[in-house]
Every structure is written in structure tokens, then in C-alpha cells.
Amino acid sequence: MVRANGAVSLRELARVVQTSEVTVRRDVRALEAEGLLDRRHGGAVLPGGFTRESGFPQKSHLATAEKTAIADLAASFVEEGEAVVVGAGTTTQELARRLARIPGLTVVTNSLLVAQALAHANRVEVVMTGGTLRGSNYALVGSGAEQSLQGLRVTRAFLSGSGLTAERGLSTSNMLSASVDRALVQAAAEVVVLADHTKLGTDTMFQTVPTDLISRLVTDEPPAHDDRAGTELQALADQGVQVAVAGAVAGAGSVGAGPGSPSSGGGPSADAPPPARQPRRDVPVPGQRRTHGGAQGGPAGGSGAQLRSAPTSLTPDPTERAARVADLRRR
């Protein structure tokens with residue numbers, strides 16, 4: 001199944017082999033140890049993220065709860081009457097559904113899915129780029145898309161991608177998508193990256209946004225055992241990226257004076273959030289970090305709501321487990 005689709009969710013694997021997701025997760029971990037696939041939160045993909053990109057149907061089933069939380073928080077940074085650009089992706093599609101409730105917006109996008117989510121929104125103007133349709137993610141790419149963005153200026157860009165590291169910034173597996181994303185970045189005064197924790201520490205072929213151009217990262221809280229994601233968050237914060245963690249509870253509102261904070265005039269006030277919208281919750285990762293405004297450190301945030309499944313103590317029979325792993329390997 002992974003070879004055929006490039007990615008598969010744990011739910012689908014459990015349905016096919018007729019067992020629980022907990023058991024499938026253990027079996028997938030065993031296959032990853034053999035180098036046959038790479039685990040992602042909520043599913044598995046073919047190994048070698050530098051060369052292959054999953055299509056929209058596969059991505060839409062991965063980390064859905066995390067994407068929803070990230071979209072909720074990212075939407076709270078947008079004010080009435082703004083002009084923004086929104087790139088292609090399953091997380092940005094979730095964001096678009098929430099932007100539909102904010103009146104007076106102008107949203108520029110190269111994504112058919114984003115435009116569809118905003119098509120019936122009252123008082124939201126949607127501007128689509130030109131370009132050639134890329135069917136795997138329903139995005140317009142190519143020179144037509146890039147040329148239509150020339151001379152455009154908006155307050156902020158919301159982008160997603162295939163991977164995010166402190167060393168290279170945001171990246172994607174497709175050259176045409178990367179080129180359009182770079183054009184979107186050039187049109188914005190502030191760049192906001194939406195990336196769930198499974199993308200942290202993952203590097204792919206084509207850089208879209210270098211770290212020094214990322215104003216803010218909106219992500220979810222990594223699991224306690226995910227050292228790679230936690231380390232990457234700290235490294236990004238050390239390089240001046242303002243980190244906002246969906247589902248976490250801030251001890252004292254915003255951290256530092258980075259773009260979008262009340263002190264810089266770039267975002268909603270923590271003291272008076274817009275009605276029916278989630279208040280901003282910028283949470284520092286452990287240790288000191290610097291922001292674009294040069295402030296050091298910040299108050300420590302509390303522990304947030306956990307998005308991962310509760311642990312279990314079930315232990316399958318070794319013979320049955322070996323049979324399932326062999327069956328998954330054949331699939």
C-alpha cells in the first residue's frame with residue numbers, strides 16, 4: 001500500500017489487516033527499523049523524503065487533529081480588512097476555512113482548495129494566481145503563477161511545506177511548488193509557516209523560505225519522546241523565529257517583540273482578542289531565545305493539551321506480530 005500510494009494512514013492499515021491502530025503502530029515501527037518505510041504521525045510514507053512527495057489524498061489523512069489546532073491558532077493572527085496570501089497545502093486549507101469567518105479580508109492564493117474554502121465567504125475577496133494546474137495538490141504553478149504575483153504586496157503570507165529545519169528553513173519536494181512559494185514570500189511583509197511537529201527536522205529537496213525570512217512558526221506541541229522536534233524548535237527560536245504552539249497555555253501572553261506582537265502592531269492584542277476567535281498564545285520553547293525585536297528569553301509557558309494518543313500496555317503474541325509485519329511488508 002505504501003509503495004502504491006507513497007503514504008498511508010494507520011487507520012487504513014488497521015482496516016486492511018483487521019487489527020487495532022495500536023498494533024499497527026508497533027508493526028510500522030518494526031518496518032521502519034528495517035528501512036522499509038518512514039513513520040509519520042498518523043501514518044507511514046516511503047523512505048527518502050528528498051525524492052518523493054505524497055499527494056493530497058494521503059496528506060489529508062495525516063496529523064488531522066494537529067492541523068486543525070494549528071489552523072485555529074494561525075487564524076487568530078489575522079485582523080479584519082487585511083490582505084494576505086495563502087499557499088497550497090492541507091494545513092493552509094484548514095486555515096482558509098477559518099479565514100472565511102473574518103470579514104473584509106482579501107486572500108491571494110494559488111490553491112484551488114483554499115479558494116474553494118473561501119468561495120461562499122461573506123465579505124472575503126479571493127484573488128487567484130494564473131498558472132498551470134498541478135493535480136497532486138490542486139495548486140497553480142509555473143511562470144504564469146509567478147508573474148501574476150509580481151508587484152503584489154500584502155501584510156503576511158501563510159505557507160506550509162514538506163519539511164522544516166533551522167539550517168535550511170522551509171522546503172518541499174517539488175521544484176515548481178517551491179518556485180511559486182518563493183514568489184508568495186516576496187509579496188509579503190511577514191512570513192508565517194504552518195507546520196505540524198512531524199515536519200520539524202525533516203529536510204527535502206527544494207528550499208522555499210530560508211530561516212531568516214520566517215517571522216513566525218505555528219506548530220503543535222511535540223510528543224514528550226520526540227527529541228528531534230523539540231531540538232529543532234529550540235534551534236529555530238534561537239535564530240529569531242517566533243514560535244507559537246497550538247494547544248499550549250501561555251503563562252503571560254506573547255513572548256518578545258517579534259513581528260505580529262502587540263508591541264509591533266502586527267497582530268491582535270492578547271488583552272482583547274477578537275470575538276469568537278482563539279486568542280494568540282505564543283509559547284517559548286525551553287531555554288532563552290532571541291526574537292526579531294532583539295528581546296531575550298521570556299516567561300515560561302505551561303504544559304499544553306496533549307494531541308497524542310494515550311499509551312497502552314497491550315502486548316501482541318510474538319508469532320502473530322511477525323506474521324503481521326510480514327503481511328505489511330508484502331503490501
# chains A, B, ... in the order shown; residues from 1 in each chain; ligands from 1

call {"tool": "select_by_dssp", "arguments": {"residues": "stretch 61-192 of chain A", "states": "strand (DSSP E or B)", "output": "ChimeraX atom specification"}}
result
/A:83-86,105-109,111,124-128,132-134,139-141,154-159,163-165,169-172,188-192

call {"tool": "residues_around", "arguments": {"residues": "A:Ala69", "least_positions_apart": "4", "cutoff": "7 Å", "atoms": "only C-alpha atoms", "output": "PyMOL selection string"}}
result
chain A and resi 65+73+246-247

call {"tool": "write_last_selection", "arguments": {"atoms": "N, CA, C and O atoms", "output": "mmCIF file, in the first residue's frame"}}
result
data_model
loop_
_atom_site.group_PDB
_atom_site.id
_atom_site.type_symbol
_atom_site.label_atom_id
_atom_site.label_comp_id
_atom_site.auth_asym_id
_atom_site.auth_seq_id
_atom_site.Cartn_x
_atom_site.Cartn_y
_atom_site.Cartn_z
ATOM 1 N N ALA A 65 -5.740 16.176 13.570
ATOM 2 C CA ALA A 65 -6.019 16.943 14.787
ATOM 3 C C ALA A 65 -5.023 18.076 14.962
ATOM 4 O O ALA A 65 -5.381 19.190 15.356
ATOM 5 N N LEU A 73 -5.141 28.487 15.661
ATOM 6 C CA LEU A 73 -4.245 29.484 16.223
ATOM 7 C C LEU A 73 -3.771 30.471 15.165
ATOM 8 O O LEU A 73 -3.716 31.679 15.406
ATOM 9 N N ALA A 246 0.245 25.550 19.177
ATOM 10 C CA ALA A 246 -1.196 25.318 19.282
ATOM 11 C C ALA A 246 -1.479 24.320 20.389
ATOM 12 O O ALA A 246 -0.813 23.305 20.511
ATOM 13 N N GLY A 247 -2.451 24.629 21.229
ATOM 14 C CA GLY A 247 -2.834 23.738 22.306
ATOM 15 C C GLY A 247 -2.102 23.988 23.596
ATOM 16 O O GLY A 247 -2.453 23.418 24.613
#

call {"tool": "select_by_dssp", "arguments": {"residues": "stretch 85-269 of chain A", "states": "alpha helix (DSSP H)", "output": "mmCIF file with N, CA, C and O atoms, in the first residue's frame"}}
result
data_model
loop_
_atom_site.group_PDB
_atom_site.id
_atom_site.type_symbol
_atom_site.label_atom_id
_atom_site.label_comp_id
_atom_site.auth_asym_id
_atom_site.auth_seq_id
_atom_site.Cartn_x
_atom_site.Cartn_y
_atom_site.Cartn_z
ATOM 1 N N THR A 90 -2.577 21.058 2.842
ATOM 2 C CA THR A 90 -3.727 20.624 3.638
ATOM 3 C C THR A 90 -3.896 21.470 4.897
ATOM 4 O O THR A 90 -5.022 21.700 5.345
ATOM 5 N N THR A 91 -2.791 21.941 5.485
ATOM 6 C CA THR A 91 -2.893 22.787 6.674
ATOM 7 C C THR A 91 -3.413 24.172 6.307
ATOM 8 O O THR A 91 -4.241 24.746 7.022
ATOM 9 N N THR A 92 -2.954 24.720 5.186
ATOM 10 C CA THR A 92 -3.450 26.031 4.757
ATOM 11 C C THR A 92 -4.910 25.954 4.320
ATOM 12 O O THR A 92 -5.649 26.934 4.428
ATOM 13 N N GLN A 93 -5.338 24.800 3.840
ATOM 14 C CA GLN A 93 -6.753 24.621 3.522
ATOM 15 C C GLN A 93 -7.601 24.728 4.790
ATOM 16 O O GLN A 93 -8.667 25.362 4.793
ATOM 17 N N GLU A 94 -7.117 24.112 5.890
ATOM 18 C CA GLU A 94 -7.816 24.244 7.165
ATOM 19 C C GLU A 94 -7.844 25.698 7.619
ATOM 20 O O GLU A 94 -8.849 26.175 8.156
ATOM 21 N N LEU A 95 -6.734 26.415 7.418
ATOM 22 C CA LEU A 95 -6.694 27.832 7.776
ATOM 23 C C LEU A 95 -7.737 28.609 6.986
ATOM 24 O O LEU A 95 -8.431 29.475 7.537
ATOM 25 N N ALA A 96 -7.854 28.324 5.689
ATOM 26 C CA ALA A 96 -8.795 29.060 4.848
ATOM 27 C C ALA A 96 -10.222 28.921 5.355
ATOM 28 O O ALA A 96 -11.013 29.874 5.290
ATOM 29 N N ARG A 97 -10.584 27.756 5.854
ATOM 30 C CA ARG A 97 -11.937 27.556 6.381
ATOM 31 C C ARG A 97 -12.218 28.500 7.547
ATOM 32 O O ARG A 97 -13.362 28.915 7.765
ATOM 33 N N ARG A 98 -11.201 28.822 8.302
ATOM 34 C CA ARG A 98 -11.361 29.732 9.436
ATOM 35 C C ARG A 98 -11.293 31.190 9.001
ATOM 36 O O ARG A 98 -11.968 32.048 9.589
ATOM 37 N N LEU A 99 -10.518 31.484 7.972
ATOM 38 C CA LEU A 99 -10.460 32.852 7.458
ATOM 39 C C LEU A 99 -11.798 33.277 6.859
ATOM 40 O O LEU A 99 -12.085 34.475 6.772
ATOM 41 N N LEU A 112 -6.456 25.826 -5.432
ATOM 42 C CA LEU A 112 -7.880 25.659 -5.705
ATOM 43 C C LEU A 112 -8.638 25.285 -4.437
ATOM 44 O O LEU A 112 -9.798 25.675 -4.249
ATOM 45 N N LEU A 113 -8.004 24.517 -3.545
ATOM 46 C CA LEU A 113 -8.667 24.090 -2.317
ATOM 47 C C LEU A 113 -8.879 25.264 -1.365
ATOM 48 O O LEU A 113 -9.918 25.351 -0.698
ATOM 49 N N VAL A 114 -7.906 26.154 -1.286
ATOM 50 C CA VAL A 114 -8.070 27.360 -0.467
ATOM 51 C C VAL A 114 -9.183 28.233 -1.036
ATOM 52 O O VAL A 114 -10.043 28.738 -0.305
ATOM 53 N N ALA A 115 -9.170 28.423 -2.351
ATOM 54 C CA ALA A 115 -10.210 29.243 -2.986
ATOM 55 C C ALA A 115 -11.587 28.637 -2.778
ATOM 56 O O ALA A 115 -12.563 29.360 -2.527
ATOM 57 N N GLN A 116 -11.685 27.323 -2.864
ATOM 58 C CA GLN A 116 -12.969 26.656 -2.654
ATOM 59 C C GLN A 116 -13.486 26.866 -1.236
ATOM 60 O O GLN A 116 -14.687 27.087 -1.023
ATOM 61 N N ALA A 117 -12.576 26.811 -0.245
ATOM 62 C CA ALA A 117 -12.980 27.005 1.148
ATOM 63 C C ALA A 117 -13.504 28.412 1.400
ATOM 64 O O ALA A 117 -14.290 28.634 2.319
ATOM 65 N N LEU A 118 -13.081 29.374 0.565
ATOM 66 C CA LEU A 118 -13.471 30.768 0.750
ATOM 67 C C LEU A 118 -14.534 31.223 -0.242
ATOM 68 O O LEU A 118 -14.970 32.376 -0.203
ATOM 69 N N SER A 143 5.353 29.621 -14.593
ATOM 70 C CA SER A 143 5.663 31.032 -14.818
ATOM 71 C C SER A 143 4.423 31.909 -14.746
ATOM 72 O O SER A 143 4.491 33.062 -14.303
ATOM 73 N N GLY A 144 3.259 31.388 -15.172
ATOM 74 C CA GLY A 144 2.040 32.194 -15.094
ATOM 75 C C GLY A 144 1.687 32.564 -13.669
ATOM 76 O O GLY A 144 1.289 33.702 -13.389
ATOM 77 N N ALA A 145 1.850 31.615 -12.750
ATOM 78 C CA ALA A 145 1.571 31.892 -11.336
ATOM 79 C C ALA A 145 2.566 32.905 -10.777
ATOM 80 O O ALA A 145 2.189 33.835 -10.054
ATOM 81 N N GLU A 146 3.818 32.736 -11.109
ATOM 82 C CA GLU A 146 4.854 33.630 -10.578
ATOM 83 C C GLU A 146 4.703 35.044 -11.122
ATOM 84 O O GLU A 146 4.838 36.027 -10.385
ATOM 85 N N GLN A 147 4.401 35.170 -12.408
ATOM 86 C CA GLN A 147 4.256 36.501 -12.998
ATOM 87 C C GLN A 147 3.052 37.249 -12.438
ATOM 88 O O GLN A 147 3.088 38.471 -12.267
ATOM 89 N N SER A 148 1.995 36.521 -12.119
ATOM 90 C CA SER A 148 0.803 37.183 -11.585
ATOM 91 C C SER A 148 1.034 37.755 -10.194
ATOM 92 O O SER A 148 0.250 38.582 -9.721
ATOM 93 N N MET A 175 9.927 21.114 -7.390
ATOM 94 C CA MET A 175 10.599 22.338 -7.815
ATOM 95 C C MET A 175 9.615 23.439 -8.202
ATOM 96 O O MET A 175 9.805 24.611 -7.853
ATOM 97 N N LEU A 176 8.541 23.089 -8.921
ATOM 98 C CA LEU A 176 7.572 24.092 -9.354
ATOM 99 C C LEU A 176 6.840 24.706 -8.163
ATOM 100 O O LEU A 176 6.618 25.917 -8.113
ATOM 101 N N SER A 177 6.470 23.868 -7.194
ATOM 102 C CA SER A 177 5.803 24.378 -5.995
ATOM 103 C C SER A 177 6.723 25.298 -5.205
ATOM 104 O O SER A 177 6.289 26.342 -4.687
ATOM 105 N N ALA A 178 7.987 24.922 -5.112
ATOM 106 C CA ALA A 178 8.951 25.744 -4.376
ATOM 107 C C ALA A 178 9.110 27.113 -5.021
ATOM 108 O O ALA A 178 9.190 28.138 -4.336
ATOM 109 N N SER A 179 9.133 27.156 -6.336
ATOM 110 C CA SER A 179 9.322 28.420 -7.037
ATOM 111 C C SER A 179 8.149 29.369 -6.805
ATOM 112 O O SER A 179 8.339 30.574 -6.583
ATOM 113 N N VAL A 180 6.922 28.848 -6.827
ATOM 114 C CA VAL A 180 5.754 29.692 -6.568
ATOM 115 C C VAL A 180 5.737 30.151 -5.114
ATOM 116 O O VAL A 180 5.421 31.313 -4.826
ATOM 117 N N ASP A 181 6.081 29.274 -4.194
ATOM 118 C CA ASP A 181 6.117 29.664 -2.778
ATOM 119 C C ASP A 181 7.116 30.789 -2.551
ATOM 120 O O ASP A 181 6.871 31.697 -1.739
ATOM 121 N N ARG A 182 8.246 30.758 -3.243
ATOM 122 C CA ARG A 182 9.214 31.854 -3.112
ATOM 123 C C ARG A 182 8.631 33.169 -3.614
ATOM 124 O O ARG A 182 8.896 34.241 -3.048
ATOM 125 N N ALA A 183 7.824 33.110 -4.678
ATOM 126 C CA ALA A 183 7.164 34.319 -5.167
ATOM 127 C C ALA A 183 6.133 34.831 -4.173
ATOM 128 O O ALA A 183 5.970 36.051 -4.002
ATOM 129 N N LEU A 184 5.429 33.929 -3.510
ATOM 130 C CA LEU A 184 4.480 34.335 -2.475
ATOM 131 C C LEU A 184 5.194 35.041 -1.327
ATOM 132 O O LEU A 184 4.685 36.024 -0.779
ATOM 133 N N VAL A 185 6.356 34.542 -0.957
ATOM 134 C CA VAL A 185 7.131 35.152 0.126
ATOM 135 C C VAL A 185 7.546 36.579 -0.236
ATOM 136 O O VAL A 185 7.497 37.493 0.599
ATOM 137 N N GLN A 186 7.947 36.788 -1.483
ATOM 138 C CA GLN A 186 8.382 38.118 -1.913
ATOM 139 C C GLN A 186 7.261 39.139 -1.841
ATOM 140 O O GLN A 186 7.514 40.342 -1.744
ATOM 141 N N ASP A 227 12.471 13.933 20.600
ATOM 142 C CA ASP A 227 13.594 14.827 20.865
ATOM 143 C C ASP A 227 13.966 15.649 19.641
ATOM 144 O O ASP A 227 14.394 16.797 19.762
ATOM 145 N N ARG A 228 13.823 15.058 18.448
ATOM 146 C CA ARG A 228 14.208 15.775 17.238
ATOM 147 C C ARG A 228 13.376 17.037 17.060
ATOM 148 O O ARG A 228 13.916 18.111 16.777
ATOM 149 N N ALA A 229 12.056 16.920 17.229
ATOM 150 C CA ALA A 229 11.191 18.076 17.048
ATOM 151 C C ALA A 229 11.479 19.146 18.099
ATOM 152 O O ALA A 229 11.532 20.342 17.790
ATOM 153 N N GLY A 230 11.683 18.727 19.358
ATOM 154 C CA GLY A 230 11.976 19.691 20.407
ATOM 155 C C GLY A 230 13.279 20.422 20.173
ATOM 156 O O GLY A 230 13.379 21.634 20.364
ATOM 157 N N THR A 231 14.293 19.701 19.731
ATOM 158 C CA THR A 231 15.589 20.316 19.430
ATOM 159 C C THR A 231 15.472 21.306 18.281
ATOM 160 O O THR A 231 16.063 22.391 18.304
ATOM 161 N N GLU A 232 14.705 20.931 17.276
ATOM 162 C CA GLU A 232 14.552 21.802 16.109
ATOM 163 C C GLU A 232 13.797 23.075 16.476
ATOM 164 O O GLU A 232 14.128 24.161 15.995
ATOM 165 N N LEU A 233 12.780 22.954 17.331
ATOM 166 C CA LEU A 233 12.056 24.136 17.788
ATOM 167 C C LEU A 233 12.981 25.111 18.504
ATOM 168 O O LEU A 233 12.925 26.324 18.293
ATOM 169 N N GLN A 234 13.849 24.581 19.366
ATOM 170 C CA GLN A 234 14.780 25.440 20.083
ATOM 171 C C GLN A 234 15.743 26.128 19.125
ATOM 172 O O GLN A 234 16.031 27.331 19.242
ATOM 173 N N ALA A 235 16.240 25.375 18.131
ATOM 174 C CA ALA A 235 17.172 25.948 17.158
ATOM 175 C C ALA A 235 16.502 27.043 16.326
ATOM 176 O O ALA A 235 17.112 28.080 16.024
ATOM 177 N N LEU A 236 15.249 26.833 15.949
ATOM 178 C CA LEU A 236 14.526 27.852 15.190
ATOM 179 C C LEU A 236 14.318 29.112 16.031
ATOM 180 O O LEU A 236 14.493 30.236 15.540
ATOM 181 N N ALA A 237 13.949 28.932 17.297
ATOM 182 C CA ALA A 237 13.769 30.077 18.183
ATOM 183 C C ALA A 237 15.074 30.830 18.378
ATOM 184 O O ALA A 237 15.096 32.062 18.416
ATOM 185 N N ASP A 238 16.183 30.107 18.487
ATOM 186 C CA ASP A 238 17.485 30.744 18.654
ATOM 187 C C ASP A 238 17.865 31.596 17.450
ATOM 188 O O ASP A 238 18.664 32.530 17.570
#

call {"tool": "residues_around", "arguments": {"residues": "A:Arg25", "least_positions_apart": "2", "cutoff": "10 Å", "atoms": "only C-alpha atoms", "output": "PyMOL selection string"}}
result
chain A and resi 10-11+13-14+20-23+27-31+39+41-44

call {"tool": "write_last_selection", "arguments": {"atoms": "C-alpha atoms", "output": "short mmCIF file (atom, residue, chain, number, x, y, z; two decimals), in the first residue's frame"}}
result
data_model
loop_
_atom_site.label_atom_id
_atom_site.label_comp_id
_atom_site.auth_asym_id
_atom_site.auth_seq_id
_atom_site.Cartn_x
_atom_site.Cartn_y
_atom_site.Cartn_z
CA LEU A 10 -2.56 3.92 10.34
CA ARG A 11 -6.34 3.80 10.24
CA LEU A 13 -3.61 -0.12 7.52
CA ALA A 14 -5.60 -1.30 10.55
CA SER A 20 -6.07 -2.22 16.01
CA GLU A 21 -4.19 1.00 15.23
CA VAL A 22 -2.06 0.44 18.34
CA THR A 23 -0.88 -2.91 16.98
CA ASP A 27 4.42 -3.14 13.35
CA VAL A 28 5.15 0.03 11.40
CA ARG A 29 7.89 0.84 13.90
CA ALA A 30 9.44 -2.56 13.17
CA LEU A 31 9.31 -1.93 9.42
CA ARG A 39 6.91 6.79 10.15
CA HIS A 41 2.35 11.00 12.87
CA GLY A 42 -0.80 9.11 11.98
CA GLY A 43 0.72 7.10 9.17
CA ALA A 44 3.76 6.00 7.18
#

call {"tool": "residues_around", "arguments": {"residues": "A:Leu140", "least_positions_apart": "3", "cutoff": "9 Å", "atoms": "only C-alpha atoms", "output": "PyMOL selection string"}}
result
chain A and resi 88+109-112+128-135+144-145+177+180

call {"tool": "residues_around", "arguments": {"residues": "A:Gly161", "least_positions_apart": "6", "cutoff": "8 Å", "atoms": "only C-alpha atoms", "output": "PyMOL selection string"}}
result
chain A and resi 89+170-172+195

call {"tool": "write_last_selection", "arguments": {"atoms": "C-alpha atoms", "output": "compact mmCIF listing (two decimals), in the first residue's frame"}}
result
# COMPACT_ATOMS: atom_id res chain seq x y z
CA GLY A 89 -1.39 22.54 1.38
CA LEU A 170 11.03 25.51 4.89
CA SER A 171 11.41 23.09 1.98
CA THR A 172 9.33 21.00 -0.39
CA ALA A 195 3.98 23.03 10.18

call {"tool": "atom_distance", "arguments": {"atom1": "atom CA of A:Leu152", "atom2": "atom CA of A:Gly81"}}
result
16.4 Å

call {"tool": "closest_residue", "arguments": {"among": "A:Leu200, A:Leu164, A:Val85, A:Val193", "to": "A:Asp226", "atoms": "only C-alpha atoms"}}
result
A:Leu200
